[in-house]
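Data block below; observations after.
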Amino acid sequence: MKDIVRNIVNLLIMLVMVQMFFSCRGQDEIYREYVTEGGIVYPGKPVAVAKNRIGAVEIVWPNNDVTITEARIWWNNYADSVVVPVTADMDTVRKRIEMPVEGVYSFFIRTYDRYGNVSIVVEVIGRSIGDKYMENFFNRMTTGYKTSGGNNLQIEWDVADTEAGAVYCNLFYTAANGTEKTIRVPAAETATVLDDWKPGTSLRYNTVYKPDPENPIEIATSFREQKGVYVLVDNKSPSRVISFSSQSGGPTAGNAYDGVIDHNRWLSDNTGYPHYIVIDLGEEFNIARFDIWSSNYDGGLDNRMPTRVKWEVSNANPPGGGGNEYLGGNNSGQRQLGTSCGMKFTAAQDFVSFTVRFVTWTTTTSGLTLSLYEWKGSWASSVAEQPVVSKVFTNVGDYAYLTVSGDANFPAGDYLWVADTHVGTIGPQTGSAVAGNLAFWNGVSQDESYYSYVSYASVDNIPWTSLGEYDYDYTLYPYRYSDILPTAGRLFKLTSLNSDPIGSGVMCLAEIDVYIKLAD
């Protein structure tokens, strides 16, 4: 029985296969008349681009099929056309089509080989350039300005529109000697560095286009004058931080002026406000703006940013840490003043005042004049000049410290203090000679010294000019800026005046930026 069933199944399978064979043979007959023997051959299609030209459009493509003998280009909805001969030795096929009417055109291109085969059609779009188009050329933009000081200015450029034919900019600026200079800035240049720019002056420039490389015509835009633009003082270093109220561990005060914003900050201790930081710019700048950057903390902006600050500037030289430097005298003797006495000394830093100790042998009616001169190489040459400062003292007590200061700090240098025109019985305390300093008695040098010292300046006793107080809201922006009336200064001081929003008593910020301005 099983053999009978197996034979029946095999027979049915054979019948189905025979039917399928004869059915497929019939299908071939249906489409055979539509098939080309050997298939259709398409020449390489032109990988073309249309280049904008003055009064024309140029069609360009690489010749990547040596069998091609010609190309045909149509435009104006196939109403106009041109035949372009193509030879095997041509690397690039070019065809300039004159288009006296300014506008945008579509072009359709086919290639033909020696066997009469035709490529698929390719469409490209090009512009015939005319007056209207060239009137819309725009000036290249600048993206920023920096200075490292002195006559340095760095101009950062946006990308030039070379597709439209931008080739260079004419840049005019005022040189350090006051003359106007011009340089050509190539379109490929992204930053231009001037080393002889006169600070505080403006710039002007235009952009020159050559939209058609086969046409000598160059089109220049109108001039753009750059005035009132902010210029970043780009000379940052942690070493420029010369004084600060406090710092907490790793987030040092130097971080506030190191050029790094992300994941970097200055954090004071929590001893309470006010906190301050003093930065030396290295030279005098006409400061016009400050920026304060908030640091990132716990995934967001740090809420320990101060809410009110004060900015100050000073033209003083960088002060030291204050303190006194003794010039001579060790209380080993006393000498009653004759005509005059004095000491030549060198102040290594700016100083606030100088002090001399005198004795009066218990009298209280004596007096004298104490003066400061710039040292001119000798006693006679020095006292022949006008004194830097003078002060008359009367009713001087015994062992009195007489101090002379000025309206401003005295710059570092060589000086001579002189005591003369005395009244009564008075004289300096004396001591052994001190190397580098020189004592004089009645204008003659002496092998001794007189009890005296200079008091060096610190950030607490240099003159500061207030630029105002400003409110900050760290929640609005990652940084806040303070525009100020441009003020000359070498040093600047930031003081936080009140507590942060959460009352931590901590001063925290990521970075401080300082700007000057091009001329308004």
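Chain labels A, B, ... are given in the sequence in which chains occur in the structure tokens; within each chain residues are numbered consecutively from 1, and ligands are likewise numbered from 1 in the order shown.
By only C-alpha atoms, and with residues fewer than 4 positions from Glu58 of chain A along its chain excluded, the set lying at most 9 Å from it is Val49, Ala50, Lys51, Asn52, Arg53, Arg94, Lys95, Arg96, Ile97, Glu98 and Gly126 of chain A.
When DSSP is run on the backbone, the residues of segment 89-211 of chain A that fall into helix (DSSP H, G or I) are Asp131, Lys132, Tyr133, Met134, Thr162, Glu163 and Ala164 of chain A.
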Atoms kept (N, CA and C atoms) for selection, written as a PDB file, in the first residue's frame:
ATOM      1  N   ASP A 131      25.076  94.025 -13.330  1.00  0.00           N
ATOM      2  CA  ASP A 131      25.206  95.123 -12.360  1.00  0.00           C
ATOM      3  C   ASP A 131      24.407  94.878 -11.093  1.00  0.00           C
ATOM      4  N   LYS A 132      23.183  94.360 -11.216  1.00  0.00           N
ATOM      5  CA  LYS A 132      22.340  94.166 -10.044  1.00  0.00           C
ATOM      6  C   LYS A 132      22.985  93.177  -9.066  1.00  0.00           C
ATOM      7  N   TYR A 133      23.524  92.124  -9.602  1.00  0.00           N
ATOM      8  CA  TYR A 133      24.155  91.121  -8.749  1.00  0.00           C
ATOM      9  C   TYR A 133      25.384  91.700  -8.048  1.00  0.00           C
ATOM     10  N   MET A 134      26.189  92.438  -8.799  1.00  0.00           N
ATOM     11  CA  MET A 134      27.432  92.965  -8.228  1.00  0.00           C
ATOM     12  C   MET A 134      27.179  94.060  -7.208  1.00  0.00           C
ATOM     13  N   THR A 162      34.305  83.154  -1.106  1.00  0.00           N
ATOM     14  CA  THR A 162      35.094  82.881  -2.309  1.00  0.00           C
ATOM     15  C   THR A 162      34.239  82.321  -3.439  1.00  0.00           C
ATOM     16  N   GLU A 163      33.106  81.704  -3.093  1.00  0.00           N
ATOM     17  CA  GLU A 163      32.214  81.206  -4.151  1.00  0.00           C
ATOM     18  C   GLU A 163      31.703  82.358  -5.009  1.00  0.00           C
ATOM     19  N   ALA A 164      31.501  83.516  -4.382  1.00  0.00           N
ATOM     20  CA  ALA A 164      31.049  84.686  -5.126  1.00  0.00           C
ATOM     21  C   ALA A 164      32.203  85.423  -5.778  1.00  0.00           C
TER      22      ALA A 164
END
### Task
Extract the full set of strand (DSSP E) residues from segment 203-443 of chain A according to DSSP on the backbone, and format it as a ChimeraX atom specification.
/A:203-209,219-220,224-226,230-233,241-244,266-267,275-293,296-297,300-301,308-314,324-328,333-334,340-347,351-359,366-374,389-396,400-410,413-423,427-431,438-441
### Query
Just how far from atom CA of Phe107 of chain A is atom CA of Tyr78 of chain A, in Å to one decimal?
8.6 Å
### For segment 199-207 of chain A: contacts at 10 Å, only C-alpha atoms, fewer than 4 positions along chain excluded, given as a ChimeraX atom specification
/A:137-141,147,149-153,160-161,166-176,178,180,182-187,219-229,231,285-286,516-520
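Proximity ranking of A:Val359, A:Val82, A:Cys508, A:Val459 relative to Ala400 of chain A places A:Val359 first, based on only C-alpha atoms.
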### Query
At what distance in Å, to one decimal, does atom CA of Asn136 of chain A lie from atom CA of Ala48 of chain A?
26.6 Å
Polymer residues at most 6 Å from Asp291 of chain A, only C-alpha atoms, same-chain spacing of 2 or more positions, as a PDB file with C-alpha atoms, in the first residue's frame:
ATOM      1  CA  ARG A 480      28.090  89.661  32.885  1.00  0.00           C
ATOM      2  CA  TYR A 481      29.851  92.718  31.539  1.00  0.00           C
ATOM      3  CA  ILE A 512      37.821  88.005  34.202  1.00  0.00           C
ATOM      4  CA  ASP A 513      38.114  89.574  30.740  1.00  0.00           C
TER       5      ASP A 513
END
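The environment of Ser366 of chain A within 9 Å, counting only C-alpha atoms and disregarding residues fewer than 4 places along the same chain, consists of Thr360, Phe393, Thr394, Asn395, Val396, Gly397, His422, Val423, Gly424, Thr425 and Ile426 of chain A.
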### Asn315 of chain A surroundings by only C-alpha atoms, 7 Å radius, close-in-sequence under 3 positions cut, as a PyMOL selection string
chain A and resi 284+489-491
Prev. selection, N, CA, C and O atoms, output as a PDB file, in the first residue's frame:
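And here is the file that came out, part-v3.pdb:
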ATOM      1  N   GLU A 284      50.042 100.169  30.624  1.00  0.00           N
ATOM      2  CA  GLU A 284      48.814 100.957  30.722  1.00  0.00           C
ATOM      3  C   GLU A 284      47.904 100.685  29.534  1.00  0.00           C
ATOM      4  O   GLU A 284      48.330 100.690  28.385  1.00  0.00           O
ATOM      5  N   GLY A 489      44.717 102.731  32.860  1.00  0.00           N
ATOM      6  CA  GLY A 489      45.198 102.076  34.060  1.00  0.00           C
ATOM      7  C   GLY A 489      46.035 100.857  33.722  1.00  0.00           C
ATOM      8  O   GLY A 489      45.823 100.207  32.699  1.00  0.00           O
ATOM      9  N   ARG A 490      46.985 100.583  34.574  1.00  0.00           N
ATOM     10  CA  ARG A 490      47.795  99.369  34.449  1.00  0.00           C
ATOM     11  C   ARG A 490      47.295  98.284  35.386  1.00  0.00           C
ATOM     12  O   ARG A 490      47.308  97.106  35.064  1.00  0.00           O
ATOM     13  N   LEU A 491      46.851  98.703  36.565  1.00  0.00           N
ATOM     14  CA  LEU A 491      46.321  97.762  37.542  1.00  0.00           C
ATOM     15  C   LEU A 491      44.812  97.895  37.600  1.00  0.00           C
ATOM     16  O   LEU A 491      44.272  98.986  37.430  1.00  0.00           O
TER      17      LEU A 491
END
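Distance-wise, atom CA of Gly443 of chain A and atom CA of Cys341 of chain A end up 7.1 Å apart.
Near Trp61 of chain A, within 12 Å and counting only C-alpha atoms, sit Gly44, Lys45, Pro46, Val47, Ala48, Val49, Ala50, Lys51, Asp65, Ala71, Val86, Met90, Asp91, Thr92, Val93, Arg94, Lys95, Ile109, Arg110, Thr111, Val122 and Val124 of chain A, not including residues fewer than 4 positions from it in the same chain.
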